[in-house]
Every structure is written in C-alpha cells, then in structure tokens.
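Contents: one structure, followed by commentary.
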Amino acid sequence: MSNELVFRKSSYSGQEPNCVEVAHIPADFRKSSYSGVGQNCLEVAELPCGAAVRDSKHPTAGHLPFPAVEWDAFLTSTRTSQP
C-alpha cells in the first residue's frame with residue numbers, strides 16, 4: 001500500500017483556480033478485535049495516512065477517518081486502559 005493518498009481535482013470544481021481536491025480511500029474493512037462476538041461491530045480499515053472506522057450494521061453510511069497520529073494515540077490509550 002502506498003504511503004500517500006493521490007488527490008485529483010473534483011469534477012464539481014469547475015474552472016475556478018480555487019478548487020476542491022478529492023482522493024479515493026482504498027479501504028478493506030475488517031471487524032475490530034475489540035468488538036467481541038456480537039453482530040453489532042465496529043469495523044476498522046488501515047489507510048495510507050491512518051485508519052478509518054465504520055458501523056458494521058450500516059457500512060454504506062460512511063466512515064470516520066483518523067490521521068495516523070490520532071489513531072496511534074487512540075490505540076495506545078485503549079491498550080493501556082484495559083484491566
């Protein structure tokens with residue numbers, strides 16, 4: 001996997017010099033190891049610049065991306081706060 005996202009000008013930006021750029025996020029979501037055995041799960045995907053999470057019950061509703069620094073801090077906090 002590449003370490004960078006590849007951005008392109010959005011087709012909705014028109015001819016203006018100030019435009020919106022978008023990048024495809026190639027993500028293979030998997031069930032989080034912290035979700036247990038139930039069907040209500042959190043899914044996680046590794047991204048070139050961090051990670052993303054989504055609700056397994058509504059996978060087409062979108063995802064929440066996190067930059068690598070924030071994701072690492074979250075994992076560290078989660079791992080150190082377990083009993």
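Following the order of the structure tokens, first chain is A, next is B, and so on, with residues numbered from 1 inside each chain and ligands from 1 in the order they appear.
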- Task: Using backbone DSSP assignments, extract all strand (DSSP E or B) residues from stretch 9-48 of chain A; output them as a PyMOL selection string.
- Result: chain A and resi 9+21-23+30-31+42-47
Kindly export the residues of the current selection with N, CA and C atoms, as a JSON list (two decimals), in the first residue's frame.
```
[["chain", "number", "residue", "atom", "x", "y", "z"],
["A", 9, "LYS", "N", -8.42, 16.91, -8.84],
["A", 9, "LYS", "CA", -9.42, 17.98, -8.80],
["A", 9, "LYS", "C", -10.81, 17.38, -8.92],
["A", 21, "GLU", "N", -10.15, 19.25, -3.97],
["A", 21, "GLU", "CA", -9.47, 18.05, -4.42],
["A", 21, "GLU", "C", -9.97, 16.87, -3.62],
["A", 22, "VAL", "N", -10.09, 15.73, -4.26],
["A", 22, "VAL", "CA", -10.58, 14.52, -3.61],
["A", 22, "VAL", "C", -9.59, 13.40, -3.83],
["A", 23, "ALA", "N", -9.64, 12.41, -2.94],
["A", 23, "ALA", "CA", -8.78, 11.24, -3.06],
["A", 23, "ALA", "C", -9.62, 10.00, -2.76],
["A", 30, "ARG", "N", -12.34, -4.53, 8.28],
["A", 30, "ARG", "CA", -12.40, -5.81, 8.99],
["A", 30, "ARG", "C", -12.98, -5.54, 10.36],
["A", 31, "LYS", "N", -13.53, -6.56, 10.97],
["A", 31, "LYS", "CA", -14.11, -6.43, 12.30],
["A", 31, "LYS", "C", -13.00, -6.12, 13.30],
["A", 42, "LEU", "N", -17.78, -2.79, 15.38],
["A", 42, "LEU", "CA", -17.03, -1.69, 14.82],
["A", 42, "LEU", "C", -16.06, -2.31, 13.82],
["A", 43, "GLU", "N", -16.02, -1.74, 12.61],
["A", 43, "GLU", "CA", -15.07, -2.22, 11.61],
["A", 43, "GLU", "C", -13.99, -1.17, 11.44],
["A", 44, "VAL", "N", -12.79, -1.63, 11.17],
["A", 44, "VAL", "CA", -11.65, -0.74, 11.02],
["A", 44, "VAL", "C", -10.92, -1.07, 9.72],
["A", 45, "ALA", "N", -10.35, -0.04, 9.11],
["A", 45, "ALA", "CA", -9.57, -0.22, 7.88],
["A", 45, "ALA", "C", -8.29, 0.59, 8.00],
["A", 46, "GLU", "N", -7.20, -0.01, 7.58],
["A", 46, "GLU", "CA", -5.94, 0.73, 7.53],
["A", 46, "GLU", "C", -5.95, 1.60, 6.29],
["A", 47, "LEU", "N", -5.52, 2.84, 6.43],
["A", 47, "LEU", "CA", -5.44, 3.78, 5.32],
["A", 47, "LEU", "C", -3.98, 4.17, 5.12]]
```
Would you list, as a count of residues only, the residues of chain A that end up in alpha helix (DSSP H) under DSSP run on this structure's backbone? 13
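Checking A:Ala68, A:Cys41, A:Leu75, A:Val20 one by one against A:Ser56, counting only C-alpha atoms, you find the shortest gap at A:Cys41.
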Check: Mind pulling up the distance from atom CA of A:Asn40 to atom CA of A:Asp55?
Finding: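 So the answer is 7.8 Å.
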